[in-house]
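Asker: Structure incoming, see below.
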Amino acid sequence: MSPKRTRMLLYGQRAAMACVAALLLVAGVWSSWGTAQHVLLAKGREHGTLKIASCGKDTCTGPYEPEDPAAPRSGVTIDKSVAVRKGAKLAVVVKPGTDEVVRTGTAGALFAWLPLGGALVLAGLVIGGGLRLTRVAWATAAAGGALLVGAFFAL
């Protein structure tokens, strides 16, 4: 093979790996934003406390007590996580137009960004293995790992 052709194949491989890493990061942000927007942009939304009454396979339900003078609700649902136990009281924000709530505060923000943390770890592997940028790969994977560990300890 000629050196010019080898160089072009190398550029093509790097471009493909960069696209894969970018796709992983975009997918991580996209899947996290559905929940994170309610936590990060909570101003003007309905805040309150949820007391966990029962948990099913994927969700937990319980009575909701708002902070403002709105009427309390029963049967409000939250996604089930390992940290949710029956009888626990959680600070939550209501998703507009639904009876679903999302945890607020540091624990809620870290939990909402978990998919991005996993995407950062995976992108670190692609950056290190496919692009041969070891320092960037370690930094990316370390940021993702810190997010995952932070969410584990915050919940």
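For the structure tokens, the naming scheme is as follows: chains receive sequential letters (A, B, ...) according to their order of presentation, residues are indexed from 1 within each chain, and ligands are indexed from 1 in presentation order.
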Can you pull out the residues contacting Gly128 (chain A)? Cut-off 12 Å, using only C-alpha atoms, and skip same-chain residues under 2 positions away; I want them as a short mmCIF file (atom, residue, chain, number, x, y, z; two decimals) with all heavy atoms, in the first residue's frame.

Answerer:
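And here is the file that came out, part_26.cif:
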```
data_model
loop_
_atom_site.label_atom_id
_atom_site.label_comp_id
_atom_site.auth_asym_id
_atom_site.auth_seq_id
_atom_site.Cartn_x
_atom_site.Cartn_y
_atom_site.Cartn_z
N ARG A 14 -9.72 7.45 12.36
CA ARG A 14 -9.84 8.46 13.42
C ARG A 14 -11.16 9.21 13.33
O ARG A 14 -11.77 9.50 14.34
CB ARG A 14 -8.66 9.41 13.37
CG ARG A 14 -7.39 8.70 13.76
CD ARG A 14 -6.46 9.61 14.40
NE ARG A 14 -5.34 8.82 14.90
CZ ARG A 14 -4.39 9.31 15.62
NH1 ARG A 14 -4.42 10.58 15.93
NH2 ARG A 14 -3.42 8.56 16.04
N MET A 17 -13.88 6.89 14.68
CA MET A 17 -13.82 6.77 16.13
C MET A 17 -14.29 8.06 16.81
O MET A 17 -14.96 8.03 17.84
CB MET A 17 -12.41 6.42 16.60
CG MET A 17 -11.99 5.01 16.28
SD MET A 17 -13.00 3.80 17.15
CE MET A 17 -13.81 3.03 15.79
N ALA A 18 -13.96 9.20 16.23
CA ALA A 18 -14.43 10.48 16.76
C ALA A 18 -15.95 10.56 16.67
O ALA A 18 -16.62 11.05 17.59
CB ALA A 18 -13.77 11.64 16.03
N ALA A 21 -17.40 8.30 19.42
CA ALA A 21 -17.29 8.95 20.73
C ALA A 21 -18.30 10.08 20.86
O ALA A 21 -18.96 10.22 21.90
CB ALA A 21 -15.87 9.48 20.94
N LEU A 120 -19.78 8.71 29.32
CA LEU A 120 -18.42 9.24 29.45
C LEU A 120 -17.40 8.12 29.63
O LEU A 120 -16.30 8.16 29.05
CB LEU A 120 -18.33 10.22 30.61
CG LEU A 120 -18.92 11.61 30.37
CD1 LEU A 120 -19.06 12.36 31.69
CD2 LEU A 120 -18.07 12.39 29.40
N VAL A 121 -17.75 7.13 30.44
CA VAL A 121 -16.84 5.99 30.63
C VAL A 121 -16.63 5.24 29.31
O VAL A 121 -15.50 4.92 28.94
CB VAL A 121 -17.36 5.05 31.74
CG1 VAL A 121 -16.55 3.78 31.80
CG2 VAL A 121 -17.33 5.75 33.09
N LEU A 122 -17.72 4.99 28.60
CA LEU A 122 -17.60 4.29 27.31
C LEU A 122 -16.85 5.13 26.28
O LEU A 122 -16.04 4.60 25.51
CB LEU A 122 -18.98 3.92 26.78
CG LEU A 122 -19.71 2.81 27.53
CD1 LEU A 122 -21.12 2.65 26.98
CD2 LEU A 122 -18.95 1.52 27.43
N ALA A 123 -17.12 6.43 26.27
CA ALA A 123 -16.41 7.30 25.33
C ALA A 123 -14.92 7.34 25.66
O ALA A 123 -14.09 7.45 24.75
CB ALA A 123 -17.00 8.70 25.36
N GLY A 124 -14.57 7.24 26.92
CA GLY A 124 -13.16 7.19 27.30
C GLY A 124 -12.47 5.98 26.69
O GLY A 124 -11.32 6.07 26.24
N LEU A 125 -13.16 4.86 26.66
CA LEU A 125 -12.59 3.67 26.02
C LEU A 125 -12.40 3.87 24.52
O LEU A 125 -11.37 3.48 23.96
CB LEU A 125 -13.49 2.46 26.27
CG LEU A 125 -13.56 1.95 27.70
CD1 LEU A 125 -14.65 0.90 27.83
CD2 LEU A 125 -12.23 1.41 28.12
N VAL A 126 -13.36 4.48 23.88
CA VAL A 126 -13.26 4.72 22.43
C VAL A 126 -12.16 5.74 22.14
O VAL A 126 -11.38 5.57 21.19
CB VAL A 126 -14.62 5.20 21.87
CG1 VAL A 126 -14.49 5.65 20.42
CG2 VAL A 126 -15.66 4.10 21.99
N GLY A 130 -9.45 3.94 20.15
CA GLY A 130 -9.59 4.24 18.73
C GLY A 130 -8.85 5.48 18.29
O GLY A 130 -8.35 5.55 17.17
N LEU A 131 -8.77 6.48 19.17
CA LEU A 131 -8.11 7.73 18.78
C LEU A 131 -6.69 7.85 19.33
O LEU A 131 -5.95 8.75 18.95
CB LEU A 131 -8.93 8.92 19.27
CG LEU A 131 -10.31 9.07 18.64
CD1 LEU A 131 -11.08 10.20 19.29
CD2 LEU A 131 -10.19 9.31 17.16
N ARG A 132 -6.33 6.96 20.24
CA ARG A 132 -4.99 6.95 20.85
C ARG A 132 -4.68 8.26 21.58
O ARG A 132 -3.55 8.72 21.60
CB ARG A 132 -3.91 6.69 19.82
CG ARG A 132 -4.10 5.43 19.03
CD ARG A 132 -3.69 4.23 19.83
NE ARG A 132 -3.66 3.04 18.97
CZ ARG A 132 -4.22 1.92 19.32
NH1 ARG A 132 -4.82 1.81 20.47
NH2 ARG A 132 -4.18 0.88 18.53
N LEU A 133 -5.70 8.87 22.17
CA LEU A 133 -5.52 10.07 22.98
C LEU A 133 -5.67 9.67 24.44
O LEU A 133 -6.73 9.82 25.05
CB LEU A 133 -6.56 11.13 22.60
CG LEU A 133 -6.53 11.63 21.16
CD1 LEU A 133 -7.72 12.52 20.87
CD2 LEU A 133 -5.23 12.38 20.89
N THR A 134 -4.60 9.15 25.03
CA THR A 134 -4.70 8.53 26.35
C THR A 134 -5.04 9.53 27.45
O THR A 134 -5.83 9.21 28.34
CB THR A 134 -3.40 7.80 26.70
OG1 THR A 134 -2.30 8.70 26.58
CG2 THR A 134 -3.19 6.61 25.79
N ARG A 135 -4.48 10.71 27.44
CA ARG A 135 -4.78 11.68 28.50
C ARG A 135 -6.24 12.13 28.44
O ARG A 135 -6.90 12.25 29.46
CB ARG A 135 -3.85 12.88 28.41
CG ARG A 135 -2.44 12.54 28.81
CD ARG A 135 -1.58 13.75 28.78
NE ARG A 135 -0.21 13.37 29.09
CZ ARG A 135 0.82 14.14 28.88
NH1 ARG A 135 0.66 15.34 28.36
NH2 ARG A 135 2.03 13.72 29.20
N VAL A 136 -6.71 12.40 27.25
CA VAL A 136 -8.11 12.79 27.09
C VAL A 136 -9.02 11.64 27.49
O VAL A 136 -10.06 11.83 28.13
CB VAL A 136 -8.38 13.23 25.63
CG1 VAL A 136 -9.86 13.53 25.42
CG2 VAL A 136 -7.53 14.44 25.28
N ALA A 137 -8.63 10.42 27.14
CA ALA A 137 -9.43 9.25 27.48
C ALA A 137 -9.51 9.07 29.00
O ALA A 137 -10.59 8.82 29.54
CB ALA A 137 -8.83 8.00 26.85
N TRP A 138 -8.37 9.20 29.68
CA TRP A 138 -8.38 9.07 31.14
C TRP A 138 -9.22 10.17 31.78
O TRP A 138 -9.96 9.91 32.74
CB TRP A 138 -6.95 9.11 31.69
CG TRP A 138 -6.27 7.78 31.63
CD1 TRP A 138 -5.28 7.41 30.78
CD2 TRP A 138 -6.55 6.64 32.44
NE1 TRP A 138 -4.92 6.11 31.01
CE2 TRP A 138 -5.68 5.61 32.02
CE3 TRP A 138 -7.44 6.37 33.47
CZ2 TRP A 138 -5.68 4.35 32.61
CZ3 TRP A 138 -7.43 5.12 34.05
CH2 TRP A 138 -6.57 4.12 33.62
N ALA A 139 -9.13 11.39 31.29
CA ALA A 139 -9.91 12.49 31.85
C ALA A 139 -11.41 12.26 31.63
O ALA A 139 -12.23 12.48 32.54
CB ALA A 139 -9.48 13.81 31.23
N THR A 140 -11.76 11.80 30.45
CA THR A 140 -13.17 11.54 30.13
C THR A 140 -13.73 10.41 31.00
O THR A 140 -14.80 10.53 31.59
CB THR A 140 -13.33 11.18 28.65
OG1 THR A 140 -12.78 12.23 27.86
CG2 THR A 140 -14.78 10.98 28.27
N ALA A 141 -12.99 9.32 31.08
CA ALA A 141 -13.43 8.19 31.89
C ALA A 141 -13.47 8.54 33.37
O ALA A 141 -14.36 8.11 34.10
CB ALA A 141 -12.53 6.99 31.65
#
```

Asker: So that I can see what lies close to Lys89 (chain A), please list as a PDB file with C-alpha atoms, in the first residue's frame the residues with an atom at most 9 Å from it, counting only C-alpha atoms and leaving out residues fewer than 4 positions away in the same chain.

Answerer:
```pdb
ATOM      1  CA  THR A  49     -42.379  15.959  49.495  1.00  0.00           C
ATOM      2  CA  LEU A  50     -43.242  12.400  48.475  1.00  0.00           C
ATOM      3  CA  LYS A  51     -43.669   9.702  51.102  1.00  0.00           C
ATOM      4  CA  ILE A  52     -43.099   6.275  49.569  1.00  0.00           C
TER       5      ILE A  52
END
```

Asker: With DSSP run on the backbone, what are the strand (DSSP E) residues within chain A? I'd like them as a PyMOL selection string.

Answerer: chain A and resi 47-51+54-55+59-66+73-79+89-94+101-103

Asker: Measuring between only C-alpha atoms, which one of A:Ala142, A:Ala151, A:Val101, A:Val20 shows the shortest distance to Lys80 (chain A)?

Answerer: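 With only C-alpha atoms as the atom set, the closest residue is A:Val101.
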
Asker: Would you please extract all alpha helix (DSSP H) residues from region 12-145 of chain A, as assigned by DSSP on the backbone, and give them as a PyMOL selection string?

Answerer: chain A and resi 12-40+105-112+114-130+134-145

Asker: Leaving out region 117-119 of chain A and any residue of its chain fewer than 3 positions from it, which residues lie within 10 Å of it when counting only C-alpha atoms, given as a CSV table (one decimal) with N, CA, C and O atoms, in the first residue's frame?

Answerer:
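Output below, filename around_0.csv:
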```
chain,number,residue,atom,x,y,z
A,21,ALA,N,-17.4,8.3,19.4
A,21,ALA,CA,-17.3,8.9,20.7
A,21,ALA,C,-18.3,10.1,20.9
A,21,ALA,O,-19.0,10.2,21.9
A,22,ALA,N,-18.4,10.9,19.8
A,22,ALA,CA,-19.4,12.0,19.8
A,22,ALA,C,-20.8,11.4,20.0
A,22,ALA,O,-21.7,12.0,20.7
A,23,LEU,N,-21.1,10.4,19.2
A,23,LEU,CA,-22.5,9.7,19.3
A,23,LEU,C,-22.8,9.2,20.7
A,23,LEU,O,-23.9,9.4,21.2
A,24,LEU,N,-21.8,8.6,21.4
A,24,LEU,CA,-22.0,8.2,22.7
A,24,LEU,C,-22.3,9.3,23.7
A,24,LEU,O,-23.2,9.2,24.5
A,25,LEU,N,-21.5,10.4,23.5
A,25,LEU,CA,-21.7,11.6,24.4
A,25,LEU,C,-23.1,12.2,24.2
A,25,LEU,O,-23.8,12.6,25.1
A,26,VAL,N,-23.5,12.4,22.9
A,26,VAL,CA,-24.8,13.0,22.6
A,26,VAL,C,-25.9,12.1,23.1
A,26,VAL,O,-26.9,12.6,23.6
A,27,ALA,N,-25.8,10.8,22.9
A,27,ALA,CA,-26.8,9.8,23.4
A,27,ALA,C,-26.9,9.9,25.0
A,27,ALA,O,-28.0,9.9,25.5
A,28,GLY,N,-25.8,10.1,25.7
A,28,GLY,CA,-25.8,10.2,27.1
A,28,GLY,C,-26.5,11.5,27.6
A,28,GLY,O,-27.3,11.4,28.5
A,29,VAL,N,-26.2,12.6,26.9
A,29,VAL,CA,-26.9,13.8,27.2
A,29,VAL,C,-28.3,13.7,26.9
A,29,VAL,O,-29.2,14.2,27.7
A,32,SER,N,-30.2,11.6,29.4
A,32,SER,CA,-30.2,12.2,30.8
A,32,SER,C,-31.1,13.4,30.8
A,32,SER,O,-31.7,13.7,31.9
A,110,LEU,N,-27.5,14.2,40.4
A,110,LEU,CA,-26.6,13.2,40.0
A,110,LEU,C,-27.3,11.9,39.5
A,110,LEU,O,-26.8,11.3,38.5
A,111,PHE,N,-28.4,11.6,40.0
A,111,PHE,CA,-29.2,10.4,39.5
A,111,PHE,C,-29.7,10.7,38.1
A,111,PHE,O,-29.7,9.8,37.3
A,112,ALA,N,-30.1,11.9,37.8
A,112,ALA,CA,-30.6,12.2,36.5
A,112,ALA,C,-29.5,12.2,35.4
A,112,ALA,O,-29.7,11.8,34.3
A,113,TRP,N,-28.2,12.5,35.8
A,113,TRP,CA,-27.1,12.5,34.9
A,113,TRP,C,-26.4,11.1,34.8
A,113,TRP,O,-25.3,11.0,34.2
A,114,LEU,N,-26.9,10.1,35.4
A,114,LEU,CA,-26.3,8.8,35.4
A,114,LEU,C,-26.0,8.2,34.0
A,114,LEU,O,-24.9,7.7,33.7
A,122,LEU,N,-17.7,5.0,28.6
A,122,LEU,CA,-17.6,4.3,27.3
A,122,LEU,C,-16.9,5.1,26.3
A,122,LEU,O,-16.0,4.6,25.5
A,123,ALA,N,-17.1,6.4,26.3
A,123,ALA,CA,-16.4,7.3,25.3
A,123,ALA,C,-14.9,7.3,25.7
A,123,ALA,O,-14.1,7.4,24.7
A,124,GLY,N,-14.6,7.2,26.9
A,124,GLY,CA,-13.2,7.2,27.3
A,124,GLY,C,-12.5,6.0,26.7
A,124,GLY,O,-11.3,6.1,26.2
A,125,LEU,N,-13.2,4.9,26.7
A,125,LEU,CA,-12.6,3.7,26.0
A,125,LEU,C,-12.4,3.9,24.5
A,125,LEU,O,-11.4,3.5,24.0
A,140,THR,N,-11.8,11.8,30.4
A,140,THR,CA,-13.2,11.5,30.1
A,140,THR,C,-13.7,10.4,31.0
A,140,THR,O,-14.8,10.5,31.6
A,141,ALA,N,-13.0,9.3,31.1
A,141,ALA,CA,-13.4,8.2,31.9
A,141,ALA,C,-13.5,8.5,33.4
A,141,ALA,O,-14.4,8.1,34.1
A,142,ALA,N,-12.5,9.3,33.8
A,142,ALA,CA,-12.5,9.8,35.2
A,142,ALA,C,-13.7,10.6,35.6
A,142,ALA,O,-14.3,10.5,36.6
A,143,ALA,N,-14.1,11.5,34.6
A,143,ALA,CA,-15.2,12.4,34.9
A,143,ALA,C,-16.5,11.5,34.9
A,143,ALA,O,-17.4,11.7,35.8
A,144,GLY,N,-16.6,10.6,34.1
A,144,GLY,CA,-17.8,9.6,34.1
A,144,GLY,C,-17.8,8.8,35.3
A,144,GLY,O,-18.8,8.6,36.0
A,145,GLY,N,-16.6,8.3,35.7
A,145,GLY,CA,-16.5,7.5,37.0
A,145,GLY,C,-16.9,8.3,38.2
A,145,GLY,O,-17.6,7.9,39.1
A,146,ALA,N,-16.4,9.6,38.2
A,146,ALA,CA,-16.7,10.4,39.4
A,146,ALA,C,-18.2,10.7,39.4
A,146,ALA,O,-18.8,10.7,40.5
A,147,LEU,N,-18.9,10.9,38.3
A,147,LEU,CA,-20.3,11.1,38.3
A,147,LEU,C,-21.0,9.8,38.8
A,147,LEU,O,-22.0,9.9,39.6
A,148,LEU,N,-20.6,8.7,38.4
A,148,LEU,CA,-21.2,7.4,38.8
A,148,LEU,C,-21.0,7.2,40.3
A,148,LEU,O,-22.0,6.8,41.0
A,149,VAL,N,-19.8,7.4,40.8
A,149,VAL,CA,-19.5,7.2,42.2
A,149,VAL,C,-20.2,8.3,43.1
A,149,VAL,O,-20.8,7.9,44.1
A,151,ALA,N,-23.1,9.7,42.4
A,151,ALA,CA,-24.5,9.4,42.4
A,151,ALA,C,-24.7,8.2,43.4
A,151,ALA,O,-25.7,8.2,44.1
```

Asker: Quick one: residues within 9 Å of region 61-70 of chain A, only C-alpha atoms, excluding same-chain residues fewer than 6 positions away - as a VMD selection string?

Answerer: chain A and resid 46 to 55 76 to 79 87 92

Asker: Give the answer as one residue: which of A:Ile127, A:Cys60, A:Met1, A:Leu40 has the shortest atom-to-atom distance to Ala88 (chain A), using only C-alpha atoms?

Answerer: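 That would be A:Cys60, the residue with the smallest distance to Ala88 (chain A).
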